[in-house]
file run.txt (compact mmCIF, C-alpha atoms)
# COMPACT_ATOMS: atom_id res chain seq x y z
CA MET V 1 98.01 146.75 95.66
CA GLN V 2 94.28 146.34 95.45
CA GLU V 3 92.89 143.03 96.62
CA PRO V 4 90.92 141.32 93.88
CA SER V 5 87.33 140.82 94.94
CA VAL V 6 86.39 137.44 93.57
CA SER V 7 83.96 135.31 95.50
CA ASP V 8 84.06 131.52 95.63
CA PRO V 9 81.79 129.63 93.26
CA ALA V 10 78.78 128.01 94.91
CA PHE V 11 79.47 124.66 93.22
CA THR V 12 82.82 123.34 92.03
CA LEU V 13 82.01 120.84 89.30
CA THR V 14 85.53 120.76 87.90
CA SER V 15 87.63 117.75 86.99
CA GLY V 16 89.72 118.35 90.11
CA PRO V 17 90.60 119.55 92.55
CA VAL V 18 87.09 119.37 93.94
CA ASP V 19 85.57 119.76 97.37
CA ALA V 20 86.37 117.12 99.98
CA TYR V 21 83.91 115.24 102.16
CA PRO V 22 83.34 116.77 105.61
CA ALA V 23 84.80 113.65 107.23
CA VAL V 24 88.00 114.16 105.24
CA LEU V 25 88.17 117.84 106.18
CA ARG V 26 87.66 116.98 109.85
CA ALA V 27 90.42 114.39 109.69
CA LEU V 28 92.80 116.91 108.12
CA SER V 29 92.25 119.15 111.13
CA ARG V 30 93.15 116.48 113.67
CA THR V 31 96.11 116.99 116.01
CA VAL V 32 99.36 116.52 114.10
CA LEU V 33 101.39 113.82 115.81
CA TYR V 34 105.15 113.44 115.85
CA ASP V 35 105.94 111.07 112.98
CA CYS V 36 107.88 108.71 115.29
CA ASP V 37 105.11 108.60 117.88
CA PRO V 38 103.93 105.01 118.35
CA ALA V 39 100.35 106.11 117.70
CA PHE V 40 101.27 107.58 114.31
CA LEU V 41 103.43 104.60 113.39
CA ALA V 42 100.56 102.23 114.17
CA GLY V 43 98.17 104.48 112.27
CA TYR V 44 100.45 104.62 109.25
CA GLU V 45 100.51 100.83 109.07
CA ARG V 46 96.71 100.77 109.43
CA VAL V 47 96.28 103.32 106.58
CA ASN V 48 98.55 101.24 104.37
CA GLU V 49 96.41 98.18 105.05
CA LYS V 50 93.25 100.10 104.14
CA ALA V 51 94.91 101.40 100.97
CA ARG V 52 95.94 97.84 100.10
CA GLU V 53 92.34 96.74 100.52
CA ALA V 54 91.09 99.64 98.37
CA LEU V 55 93.63 98.95 95.62
CA ARG V 56 92.97 95.21 95.87
CA THR V 57 96.64 94.39 95.79
CA SER V 58 98.35 91.57 97.63
CA MET V 59 101.18 93.70 98.98
CA PRO V 60 101.09 97.02 100.83
CA PRO V 61 101.16 100.01 98.49
CA VAL V 62 103.65 102.85 98.67
CA ILE V 63 102.40 106.23 99.80
CA LEU V 64 104.54 108.93 98.24
CA HIS V 65 104.13 112.32 99.82
CA GLY V 66 103.49 114.87 97.13
CA GLU V 67 101.45 115.79 94.10
CA PRO V 68 100.66 112.74 91.93
CA VAL V 69 103.27 113.78 89.37
CA LEU V 70 105.83 112.78 92.01
CA GLY V 71 104.63 109.19 91.67
CA LEU V 72 104.87 109.32 87.89
CA GLU V 73 108.35 110.81 87.86
CA ALA V 74 109.50 108.38 90.57
CA ALA V 75 108.14 105.48 88.52
CA ALA V 76 110.06 106.61 85.45
CA ALA V 77 113.26 107.13 87.42
CA SER V 78 113.00 103.83 89.30
CA LEU V 79 111.89 101.43 86.59
CA ILE V 80 113.66 102.62 83.46
CA ALA V 81 117.24 101.41 83.21
CA ARG V 82 119.77 103.18 81.01
CA ASP V 83 119.55 100.78 78.06
CA ASP V 84 115.80 100.20 78.10
CA VAL V 85 113.57 100.85 75.12
CA VAL V 86 110.32 102.39 76.34
CA LEU V 87 107.02 102.33 74.47
CA ASN V 88 104.88 105.32 75.44
CA LEU V 89 101.20 105.45 74.55
CA ALA V 90 99.93 108.99 74.00
CA SER V 91 96.28 109.72 73.35
CA GLY V 92 96.20 112.91 75.33
CA VAL V 93 98.12 115.59 77.18
CA TYR V 94 98.95 113.37 80.16
CA GLY V 95 100.04 110.33 78.18
CA LYS V 96 102.19 112.52 75.97
CA GLY V 97 103.58 114.26 79.05
CA PHE V 98 104.83 111.03 80.60
CA GLY V 99 106.97 110.49 77.50
CA TYR V 100 108.94 113.65 78.33
CA SER V 101 109.71 112.26 81.80
CA ALA V 102 110.55 108.81 80.45
CA LYS V 103 112.88 110.21 77.78
CA ARG V 104 115.17 111.58 80.47
CA TYR V 105 115.93 108.03 81.63
CA CYS V 106 116.24 106.05 78.41
CA PRO V 107 118.10 106.44 75.13
CA GLU V 108 115.12 105.47 73.01
CA LEU V 109 111.47 106.21 73.39
CA VAL V 110 109.06 104.65 70.91
CA GLU V 111 105.69 106.36 70.85
CA ILE V 112 102.23 105.49 69.60
CA GLU V 113 100.07 108.55 69.24
CA ALA V 114 96.33 108.75 68.79
CA PRO V 115 94.18 111.84 68.22
CA TYR V 116 93.29 113.43 71.55
CA ASP V 117 89.60 112.60 71.24
CA GLU V 118 90.45 108.93 70.64
CA ALA V 119 91.93 106.02 72.60
CA ILE V 120 94.97 103.81 72.00
CA ASP V 121 94.23 100.83 69.76
CA PRO V 122 95.62 97.66 71.41
CA ALA V 123 96.35 96.22 67.95
CA GLN V 124 98.86 99.03 67.44
CA VAL V 125 100.58 98.06 70.68
CA ALA V 126 100.80 94.45 69.52
CA ALA V 127 102.22 95.66 66.19
CA ALA V 128 104.82 97.77 67.99
CA PHE V 129 106.01 94.68 69.89
CA GLU V 130 106.23 92.72 66.63
CA LYS V 131 108.40 95.42 65.16
CA ARG V 132 110.46 96.06 68.30
CA PRO V 133 110.62 92.92 70.47
CA ASN V 134 113.21 94.60 72.68
CA ILE V 135 110.68 97.03 74.13
CA LYS V 136 111.18 96.70 77.86
CA ILE V 137 108.64 99.04 79.37
CA VAL V 138 105.20 100.18 78.27
CA SER V 139 103.75 103.33 79.72
CA GLY V 140 100.21 104.46 79.21
CA CYS V 141 97.64 106.70 80.78
CA HIS V 142 94.36 105.09 81.79
CA HIS V 143 92.33 108.26 82.24
CA ASP V 144 93.62 111.14 80.15
CA THR V 145 91.75 113.79 82.10
CA PRO V 146 92.41 116.78 79.77
CA SER V 147 90.42 114.86 77.14
CA GLY V 148 88.00 113.04 79.45
CA THR V 149 88.87 109.77 77.74
CA ILE V 150 89.75 106.25 78.92
CA ASN V 151 92.34 103.92 77.43
CA PRO V 152 91.87 100.12 77.33
CA VAL V 153 94.66 99.35 79.80
CA ASP V 154 93.34 95.87 80.54
CA GLU V 155 93.72 94.81 76.92
CA ILE V 156 97.05 96.58 76.55
CA GLY V 157 98.31 94.95 79.71
CA ARG V 158 97.43 91.53 78.36
CA ILE V 159 99.34 92.18 75.13
CA ALA V 160 102.51 93.55 76.65
CA PRO V 161 103.68 90.56 78.75
CA ARG V 162 102.71 88.10 76.01
CA ALA V 163 104.73 89.91 73.42
CA ALA V 164 107.84 90.09 75.55
CA ALA V 165 107.87 87.55 78.33
CA THR V 166 110.60 89.27 80.27
CA CYS V 167 109.30 92.77 79.86
CA SER V 168 108.36 94.94 82.74
CA SER V 169 105.08 96.54 82.00
CA MET V 170 104.21 99.76 83.68
CA ARG V 171 100.82 101.30 83.72
CA TYR V 172 99.83 104.41 85.42
CA ARG V 173 96.46 106.00 85.77
CA ARG V 174 96.80 109.69 86.06
CA SER V 175 94.91 111.40 88.83
CA ALA V 176 92.48 108.62 89.43
CA ALA V 177 93.37 105.91 91.90
CA TRP V 178 89.86 104.60 91.81
CA THR V 179 90.42 103.62 88.20
CA CYS V 180 93.31 101.46 89.34
CA ILE V 181 90.80 99.70 91.50
CA GLN V 182 88.10 99.60 88.90
CA THR V 183 89.96 97.68 86.26
CA ARG V 184 91.48 95.00 88.50
CA ALA V 185 93.88 94.12 85.72
CA GLY V 186 96.44 92.23 87.74
CA PRO V 187 98.50 95.34 88.08
CA ILE V 188 102.20 95.35 87.50
CA PHE V 189 102.57 98.91 88.56
CA LEU V 190 99.99 101.44 89.49
CA SER V 191 100.13 105.04 90.49
CA PRO V 192 99.68 107.76 91.51
CA ALA V 193 99.85 108.06 95.24
CA LEU V 194 96.95 109.85 96.82
CA THR V 195 98.80 111.88 99.29
CA ASN V 196 98.18 115.57 98.98
CA ALA V 197 95.21 117.27 100.51
CA SER V 198 93.36 117.71 97.27
CA ALA V 199 94.03 114.15 96.28
CA ALA V 200 93.07 112.59 99.58
CA HIS V 201 89.45 112.34 98.55
CA LEU V 202 90.13 111.33 94.95
CA VAL V 203 90.02 107.75 96.05
CA LEU V 204 86.30 108.23 96.36
CA ARG V 205 85.77 109.24 92.78
CA MET C 1 100.91 103.48 94.41
CA GLY C 2 100.52 99.75 93.99
CA VAL C 3 103.80 97.94 93.33
CA SER C 4 103.84 94.29 92.32
CA ALA C 5 106.51 91.80 93.36
CA ARG C 6 107.92 91.94 89.83
CA ALA C 7 108.07 95.72 89.87
CA TRP C 8 110.07 95.60 93.14
CA GLU C 9 112.48 93.12 91.51
CA GLU C 10 112.89 95.32 88.44
CA MET C 11 113.59 98.41 90.51
CA LYS C 12 116.09 96.59 92.72
CA ALA C 13 117.88 95.27 89.66
CA ASN C 14 118.09 98.74 88.13
CA PRO C 15 121.41 100.36 89.12
CA ASP C 16 119.96 103.76 88.15
CA ALA C 17 116.91 103.55 90.45
CA PRO C 18 117.11 106.51 92.85
CA ARG C 19 118.02 106.09 96.50
CA ALA C 20 118.15 108.90 99.07
CA SER C 21 116.02 111.03 96.79
CA ILE C 22 112.50 112.44 96.70
CA LEU C 23 112.16 110.29 93.55
CA SER C 24 113.02 107.07 95.35
CA ILE C 25 110.35 104.39 95.59
CA LEU C 26 112.82 101.78 96.88
CA ASP C 27 113.46 103.80 100.04
CA TRP C 28 109.79 103.38 100.99
CA GLU C 29 109.60 99.60 100.58
CA HIS C 30 109.29 98.80 104.29
CA ALA C 31 108.05 102.17 105.57
CA TRP C 32 104.50 100.86 105.94
CA HIS C 33 105.61 98.71 108.90
CA HIS C 34 105.37 100.38 112.31
CA ASP C 35 108.84 99.15 113.31
CA ARG C 36 110.61 100.59 110.27
CA PRO C 37 111.75 104.20 109.81
CA PHE C 38 110.48 106.67 107.24
CA PRO C 39 113.04 107.87 104.65
CA PHE C 40 111.80 111.40 105.39
CA THR C 41 108.96 112.95 107.34
CA PRO C 42 105.57 111.99 105.93
CA SER C 43 102.69 114.45 105.65
CA VAL C 44 100.91 113.65 108.90
CA ALA C 45 97.73 115.66 108.32
CA GLU C 46 97.33 114.26 104.83
CA ILE C 47 97.64 110.71 106.08
CA ASN C 48 94.80 111.54 108.47
CA GLY C 49 92.71 112.89 105.58
CA PHE C 50 93.61 109.90 103.42
CA GLU C 51 92.43 107.48 106.10
CA ALA C 52 89.06 109.23 106.31
CA ALA C 53 88.71 109.01 102.52
CA LEU C 54 89.59 105.31 102.56
CA ASP C 55 87.08 104.67 105.37
CA LEU C 56 84.29 106.27 103.32
CA TYR C 57 85.28 104.38 100.18
CA LEU C 58 85.52 100.99 101.87
CA ALA C 59 82.31 101.51 103.85
CA GLU C 60 80.30 102.36 100.74
CA GLY C 61 81.96 99.57 98.77
CA PRO C 62 83.94 99.99 95.54
CA GLU C 63 81.23 98.52 93.28
CA LYS C 64 78.66 100.96 94.66
CA VAL C 65 81.05 103.88 94.26
CA TRP C 66 81.66 102.98 90.61
CA ALA C 67 77.94 102.55 89.97
CA ARG C 68 77.24 105.98 91.46
CA HIS C 69 79.81 107.55 89.14
CA ALA C 70 78.45 105.62 86.17
CA LEU C 71 74.91 106.86 86.79
CA THR C 72 76.06 110.46 87.28
CA VAL C 73 78.07 110.49 84.07
CA ALA C 74 75.31 108.75 82.10
CA ALA C 75 72.84 111.44 83.17
CA CYS C 76 75.28 114.17 82.26
CA ARG C 77 76.04 112.77 78.81
CA ALA C 78 72.34 112.31 78.08
CA GLY C 79 71.62 115.90 79.08
CA VAL C 80 74.49 117.36 77.10
CA THR C 81 73.65 115.49 73.91
CA ALA C 82 69.90 116.19 74.26
CA MET C 83 70.80 119.89 74.02
CA GLY C 84 72.44 119.21 70.67
CA LEU C 85 75.98 119.44 72.01
CA SER C 86 78.78 116.95 71.30
CA LEU C 87 80.95 115.02 73.69
CA TRP C 88 84.67 115.52 73.09
CA ALA C 89 85.33 111.77 73.13
CA ALA C 90 84.95 110.33 69.64
CA ARG C 91 82.86 107.46 71.05
CA GLU C 92 80.92 107.11 74.26
CA ALA C 93 82.69 103.80 74.91
CA ILE C 94 85.94 105.67 75.59
CA ALA C 95 84.41 108.55 77.55
CA SER C 96 85.54 108.94 81.16
CA PRO C 97 83.26 108.04 84.08
CA THR C 98 84.59 110.97 86.13
CA THR C 99 84.85 113.78 83.59
CA THR C 100 82.41 114.78 80.88
CA ALA C 101 84.34 116.71 78.26
CA VAL C 102 82.02 118.74 76.03
CA ARG C 103 83.14 120.11 72.68
CA VAL C 104 82.81 123.91 72.64
CA PRO C 105 80.36 124.86 69.86
CA HIS C 106 81.78 126.69 66.86
CA GLY C 107 81.91 130.44 67.42
CA ILE C 108 81.85 130.21 71.23
CA ASP C 109 84.87 131.20 73.28
CA ASP C 110 85.50 128.62 76.01
CA ALA C 111 86.74 131.15 78.56
CA ALA C 112 83.66 133.30 78.03
CA LEU C 113 81.49 130.23 78.39
CA ARG C 114 83.04 129.18 81.70
CA ALA C 115 82.90 132.78 82.93
CA ALA C 116 79.18 132.95 82.11
CA VAL C 117 78.53 129.62 83.88
CA ARG C 118 80.31 130.94 86.94
CA ALA C 119 78.85 134.46 86.95
CA ARG C 120 75.24 133.49 86.21
CA TYR C 121 74.96 130.30 88.24
CA GLY C 122 77.95 130.13 90.58
CA VAL C 123 79.20 126.93 88.99
CA ALA C 124 82.85 126.23 88.15
CA PHE C 125 83.83 123.95 85.25
CA SER C 126 87.33 123.05 84.07
CA SER C 127 88.95 124.22 80.86
CA GLY C 128 90.89 121.97 78.56
CA ARG C 129 94.63 121.73 79.01
CA GLY C 130 97.51 122.02 76.56
CA GLU C 131 96.30 120.68 73.22
CA THR C 132 92.69 120.56 74.37
CA LEU C 133 92.62 124.10 75.82
CA GLY C 134 89.93 126.20 74.15
CA LYS C 135 88.35 123.19 72.45
CA LEU C 136 86.33 121.73 75.31
CA VAL C 137 84.95 122.36 78.77
CA ARG C 138 85.06 119.67 81.41
CA ILE C 139 82.39 118.79 83.93
CA GLY C 140 83.79 116.74 86.80
CA HIS C 141 81.97 113.94 88.61
CA MET C 142 84.37 113.51 91.47
CA GLY C 143 84.32 113.22 95.24
CA PRO C 144 81.14 114.63 96.74
CA THR C 145 79.96 115.86 93.30
CA ALA C 146 79.68 112.33 91.92
CA ARG C 147 75.97 112.39 92.72
CA PRO C 148 73.46 112.07 89.88
CA LEU C 149 71.56 115.30 90.56
CA TYR C 150 74.74 117.35 90.10
CA ALA C 151 74.55 116.28 86.47
CA VAL C 152 71.26 118.14 86.13
CA MET C 153 72.86 121.24 87.61
CA ALA C 154 75.81 121.00 85.24
CA VAL C 155 73.64 120.50 82.17
CA THR C 156 71.29 123.39 82.96
CA ALA C 157 74.13 125.77 83.86
CA LEU C 158 75.97 124.89 80.65
CA GLY C 159 72.84 125.29 78.54
CA GLY C 160 71.81 128.57 80.16
CA ALA C 161 75.26 130.07 79.70
CA LEU C 162 75.40 129.03 76.03
CA ALA C 163 72.02 130.69 75.45
CA SER C 164 73.31 133.87 77.08
CA LEU C 165 76.20 133.90 74.61
CA GLY C 166 73.90 133.66 71.61
CA HIS C 167 73.96 129.90 71.18
CA PRO C 168 70.45 128.89 72.20
CA VAL C 169 69.96 125.29 73.27
CA ASP C 170 66.94 123.49 74.70
CA VAL C 171 67.78 123.50 78.40
CA GLY C 172 64.49 121.81 79.24
CA ALA C 173 65.28 118.91 76.94
CA GLY C 174 68.70 118.59 78.54
CA ALA C 175 67.31 118.52 82.07
CA ALA C 176 64.57 116.07 81.07
CA ALA C 177 67.06 113.70 79.43
CA ALA C 178 69.30 113.73 82.49
CA MET C 179 66.35 113.13 84.83
CA LYS C 180 65.10 110.28 82.66
CA VAL C 181 68.41 108.46 83.13
CA ILE C 182 68.38 109.06 86.88
CA ASP C 183 64.76 107.97 87.29
CA ALA C 184 65.24 104.87 85.17
CA ALA C 185 67.81 103.69 87.70
CA GLN C 186 65.47 103.96 90.70

call {"tool": "encode", "arguments": {"input": "run.txt", "output": "structure tokens"}}
result
Amino acid sequence: MQEPSVSDPAFTLTSGPVDAYPAVLRALSRTVLYDCDPAFLAGYERVNEKAREALRTSMPPVILHGEPVLGLEAAAASLIARDDVVLNLASGVYGKGFGYSAKRYCPELVEIEAPYDEAIDPAQVAAAFEKRPNIKIVSGCHHDTPSGTINPVDEIGRIAPRAAATCSSMRYRRSAAWTCIQTRAGPIFLSPALTNASAAHLVLR
Amino acid sequence: MGVSARAWEEMKANPDAPRASILSILDWEHAWHHDRPFPFTPSVAEINGFEAALDLYLAEGPEKVWARHALTVAACRAGVTAMGLSLWAAREAIASPTTTAVRVPHGIDDAALRAAVRARYGVAFSSGRGETLGKLVRIGHMGPTARPLYAVMAVTALGGALASLGHPVDVGAGAAAAMKVIDAAQ
């Protein structure tokens, strides 16, 4: 089989993965410690504290070890109970995609769809709660990367708990932990984890 | 992943929430503490890389990081639109600060466009995905590339490649518009 001769691009200006900072690359090459070594255990706690500071949450975050989709799937599996009605907000490929995960865990998925060059209208979310007060979980995508668009999760988050006082609102921000930080919306639930090598530097976006 | 107190309560009250599974969040509740075991072996090297990324982010300061992204994306949007091209987002108010999605002009093949950008200038852009595949190209402003001058590179590479495919645009106007945004922020 002939080896393809394709050289690397000089500049990767993609929407991820992208190059990592030299300091991150150097850290990735550090000696790999035994995971039960006291030095690693202390370091793991320290990293969690730094992640908590970055996310501006009051409690330590959870670092899941895998591609960010792991965090999304885990969120669906862990939060959605068998009788829950889920409202999924789809204004792009990622938002729509979460609905397929969510549907595996609930009997009924209500969906609001917007054109993929648009954003979700919070008024539509409020209307959905009027019509279906038993909606338990709201899922939405803050940054729908395949469209390069942003959804108004702050406004949506304010509507959801008001409309159903006992509801559990879930928001996830695909592939962009920094956006979790940016909005500071009193998060109920944020993901994804930034745990794989390509994602380790995404926190700097 | 940030988990609020209420989210922990909801998960604990959910009899279907996974335990002893790669999908379990509950199993990791106390794993951050040095005296508590991990449910399974964490990715040691990636934790090291993650810490370095967090150190950079916290040292620069979140507000400064966001401002740097905002300036980079503003320069890029200005350059793209000054060349007569359209952003994919229906309104600039909903356009991402980390990805500039540009609508592919009528009659241009997006794969050919990205190939020309790469072959002529050594620059890689992203395609669309799923429903948006073929309709847009994406310029990322992420990690080390979230620096304003990369916007000038992206705009000129995009414009030059379009011209090579028979869709002439004013690359100079694009570069000037991007530079104007950058210089106005100095």

call {"tool": "interface_residues", "arguments": {"input": "run.txt", "of": "chain C", "to": "chain V", "cutoff": "6 Å", "atoms": "only C-alpha atoms", "output": "PDB file with C-alpha atoms, keeping the file's coordinate frame"}}
result
ATOM      1  CA  MET C   1     100.910 103.480  94.410  1.00  0.00           C
ATOM      2  CA  GLY C   2     100.520  99.750  93.990  1.00  0.00           C
ATOM      3  CA  VAL C   3     103.800  97.940  93.330  1.00  0.00           C
ATOM      4  CA  SER C   4     103.840  94.290  92.320  1.00  0.00           C
ATOM      5  CA  MET C  11     113.590  98.410  90.510  1.00  0.00           C
ATOM      6  CA  ASN C  14     118.090  98.740  88.130  1.00  0.00           C
ATOM      7  CA  ALA C  17     116.910 103.550  90.450  1.00  0.00           C
ATOM      8  CA  LEU C  23     112.160 110.290  93.550  1.00  0.00           C
ATOM      9  CA  TRP C  32     104.500 100.860 105.940  1.00  0.00           C
ATOM     10  CA  HIS C  33     105.610  98.710 108.900  1.00  0.00           C
ATOM     11  CA  HIS C  34     105.370 100.380 112.310  1.00  0.00           C
ATOM     12  CA  ALA C  45      97.730 115.660 108.320  1.00  0.00           C
ATOM     13  CA  GLU C  46      97.330 114.260 104.830  1.00  0.00           C
ATOM     14  CA  ASN C  48      94.800 111.540 108.470  1.00  0.00           C
ATOM     15  CA  GLY C  49      92.710 112.890 105.580  1.00  0.00           C
ATOM     16  CA  PHE C  50      93.610 109.900 103.420  1.00  0.00           C
ATOM     17  CA  GLU C  51      92.430 107.480 106.100  1.00  0.00           C
ATOM     18  CA  ALA C  52      89.060 109.230 106.310  1.00  0.00           C
ATOM     19  CA  ALA C  53      88.710 109.010 102.520  1.00  0.00           C
ATOM     20  CA  TYR C  57      85.280 104.380 100.180  1.00  0.00           C
ATOM     21  CA  ALA C  89      85.330 111.770  73.130  1.00  0.00           C
ATOM     22  CA  ALA C  90      84.950 110.330  69.640  1.00  0.00           C
ATOM     23  CA  ILE C  94      85.940 105.670  75.590  1.00  0.00           C
ATOM     24  CA  ALA C  95      84.410 108.550  77.550  1.00  0.00           C
ATOM     25  CA  SER C  96      85.540 108.940  81.160  1.00  0.00           C
ATOM     26  CA  THR C  99      84.850 113.780  83.590  1.00  0.00           C
ATOM     27  CA  ALA C 101      84.340 116.710  78.260  1.00  0.00           C
ATOM     28  CA  GLY C 122      77.950 130.130  90.580  1.00  0.00           C
ATOM     29  CA  VAL C 123      79.200 126.930  88.990  1.00  0.00           C
ATOM     30  CA  ALA C 124      82.850 126.230  88.150  1.00  0.00           C
ATOM     31  CA  PHE C 125      83.830 123.950  85.250  1.00  0.00           C
ATOM     32  CA  SER C 126      87.330 123.050  84.070  1.00  0.00           C
ATOM     33  CA  GLY C 128      90.890 121.970  78.560  1.00  0.00           C
ATOM     34  CA  ARG C 129      94.630 121.730  79.010  1.00  0.00           C
ATOM     35  CA  ILE C 139      82.390 118.790  83.930  1.00  0.00           C
ATOM     36  CA  GLY C 140      83.790 116.740  86.800  1.00  0.00           C
ATOM     37  CA  MET C 142      84.370 113.510  91.470  1.00  0.00           C
ATOM     38  CA  GLY C 143      84.320 113.220  95.240  1.00  0.00           C
TER      39      GLY C 143
END

call {"tool": "closest_residue", "arguments": {"input": "run.txt", "among": "V:Val125, V:Val85, V:Ile137, V:Ala114", "to": "Val153 of chain V", "atoms": "all atoms listed in the file"}}
result
V:Val125

call {"tool": "closest_residue", "arguments": {"input": "run.txt", "among": "C:Cys76, C:Val169, C:Ala5, C:Ala20", "to": "Phe40 of chain C", "atoms": "all atoms listed in the file"}}
result
C:Ala20

call {"tool": "atom_distance", "arguments": {"input": "run.txt", "atom1": "atom CA of Ala128 of chain V", "atom2": "atom CA of Arg6 of chain C"}}
result
22.8 Å

call {"tool": "atom_distance", "arguments": {"input": "run.txt", "atom1": "atom CA of Ile156 of chain V", "atom2": "atom CA of Glu92 of chain C"}}
result
19.4 Å

call {"tool": "residues_near_point", "arguments": {"input": "run.txt", "point": "(96.2, 94.3, 72.5)", "cutoff": "7 Å", "atoms": "all atoms listed in the file", "output": "PyMOL selection string"}}
result
chain V and resi 122-123+125-126+155-156+158-159

call {"tool": "residues_around", "arguments": {"input": "run.txt", "residues": "Asp109 of chain C", "least_positions_apart": "4", "cutoff": "10 Å", "atoms": "only C-alpha atoms", "output": "MDAnalysis selection string"}}
result
chainID C and resid 104:105 113:115 134:136 165

call {"tool": "atom_distance", "arguments": {"input": "run.txt", "atom1": "atom CA of Gln124 of chain V", "atom2": "atom CA of Thr132 of chain C"}}
result
23.4 Å

call {"tool": "residues_near_point", "arguments": {"input": "run.txt", "point": "(78.3, 120.8, 77.0)", "cutoff": "12 Å", "atoms": "all atoms listed in the file", "output": "ChimeraX atom specification"}}
result
/C:76-88,99-105,108,110,113-114,117,125-127,135-140,151-163,167,169-171,174

call {"tool": "build_atoms", "arguments": {"input": "run.txt", "residues": "segment 90-95 of chain C", "atoms": "all heavy atoms", "output": "PDB file, in the frame of the given file"}}
result
ATOM      1  N   ALA C  90      85.461 110.725  70.947  1.00  0.00           N
ATOM      2  CA  ALA C  90      84.950 110.330  69.640  1.00  0.00           C
ATOM      3  C   ALA C  90      83.819 109.306  69.765  1.00  0.00           C
ATOM      4  O   ALA C  90      82.928 109.255  68.934  1.00  0.00           O
ATOM      5  CB  ALA C  90      86.086 109.749  68.789  1.00  0.00           C
ATOM      6  N   ARG C  91      83.892 108.478  70.814  1.00  0.00           N
ATOM      7  CA  ARG C  91      82.860 107.460  71.050  1.00  0.00           C
ATOM      8  C   ARG C  91      82.553 107.426  72.534  1.00  0.00           C
ATOM      9  O   ARG C  91      83.451 107.623  73.357  1.00  0.00           O
ATOM     10  CB  ARG C  91      83.387 106.074  70.635  1.00  0.00           C
ATOM     11  CG  ARG C  91      83.495 105.869  69.136  1.00  0.00           C
ATOM     12  CD  ARG C  91      84.418 104.707  68.797  1.00  0.00           C
ATOM     13  NE  ARG C  91      85.826 105.067  68.965  1.00  0.00           N
ATOM     14  CZ  ARG C  91      86.686 104.416  69.735  1.00  0.00           C
ATOM     15  NH1 ARG C  91      86.305 103.365  70.425  1.00  0.00           N
ATOM     16  NH2 ARG C  91      87.948 104.794  69.823  1.00  0.00           N
ATOM     17  N   GLU C  92      81.291 107.130  72.856  1.00  0.00           N
ATOM     18  CA  GLU C  92      80.920 107.110  74.260  1.00  0.00           C
ATOM     19  C   GLU C  92      81.651 105.985  75.009  1.00  0.00           C
ATOM     20  O   GLU C  92      81.911 106.085  76.207  1.00  0.00           O
ATOM     21  CB  GLU C  92      79.393 106.972  74.419  1.00  0.00           C
ATOM     22  CG  GLU C  92      78.946 107.362  75.814  1.00  0.00           C
ATOM     23  CD  GLU C  92      77.464 107.655  75.942  1.00  0.00           C
ATOM     24  OE1 GLU C  92      76.859 108.067  74.933  1.00  0.00           O
ATOM     25  OE2 GLU C  92      76.929 107.465  77.041  1.00  0.00           O
ATOM     26  N   ALA C  93      82.008 104.941  74.281  1.00  0.00           N
ATOM     27  CA  ALA C  93      82.690 103.800  74.910  1.00  0.00           C
ATOM     28  C   ALA C  93      84.032 104.188  75.519  1.00  0.00           C
ATOM     29  O   ALA C  93      84.523 103.512  76.426  1.00  0.00           O
ATOM     30  CB  ALA C  93      82.896 102.696  73.877  1.00  0.00           C
ATOM     31  N   ILE C  94      84.638 105.274  75.036  1.00  0.00           N
ATOM     32  CA  ILE C  94      85.940 105.670  75.590  1.00  0.00           C
ATOM     33  C   ILE C  94      85.829 106.933  76.440  1.00  0.00           C
ATOM     34  O   ILE C  94      86.834 107.538  76.801  1.00  0.00           O
ATOM     35  CB  ILE C  94      87.009 105.863  74.487  1.00  0.00           C
ATOM     36  CG1 ILE C  94      86.585 106.965  73.495  1.00  0.00           C
ATOM     37  CG2 ILE C  94      87.282 104.553  73.762  1.00  0.00           C
ATOM     38  CD1 ILE C  94      87.739 107.472  72.622  1.00  0.00           C
ATOM     39  N   ALA C  95      84.596 107.341  76.738  1.00  0.00           N
ATOM     40  CA  ALA C  95      84.410 108.550  77.550  1.00  0.00           C
ATOM     41  C   ALA C  95      84.594 108.213  79.034  1.00  0.00           C
ATOM     42  O   ALA C  95      84.201 107.152  79.509  1.00  0.00           O
ATOM     43  CB  ALA C  95      83.027 109.133  77.300  1.00  0.00           C
TER      44      ALA C  95
END
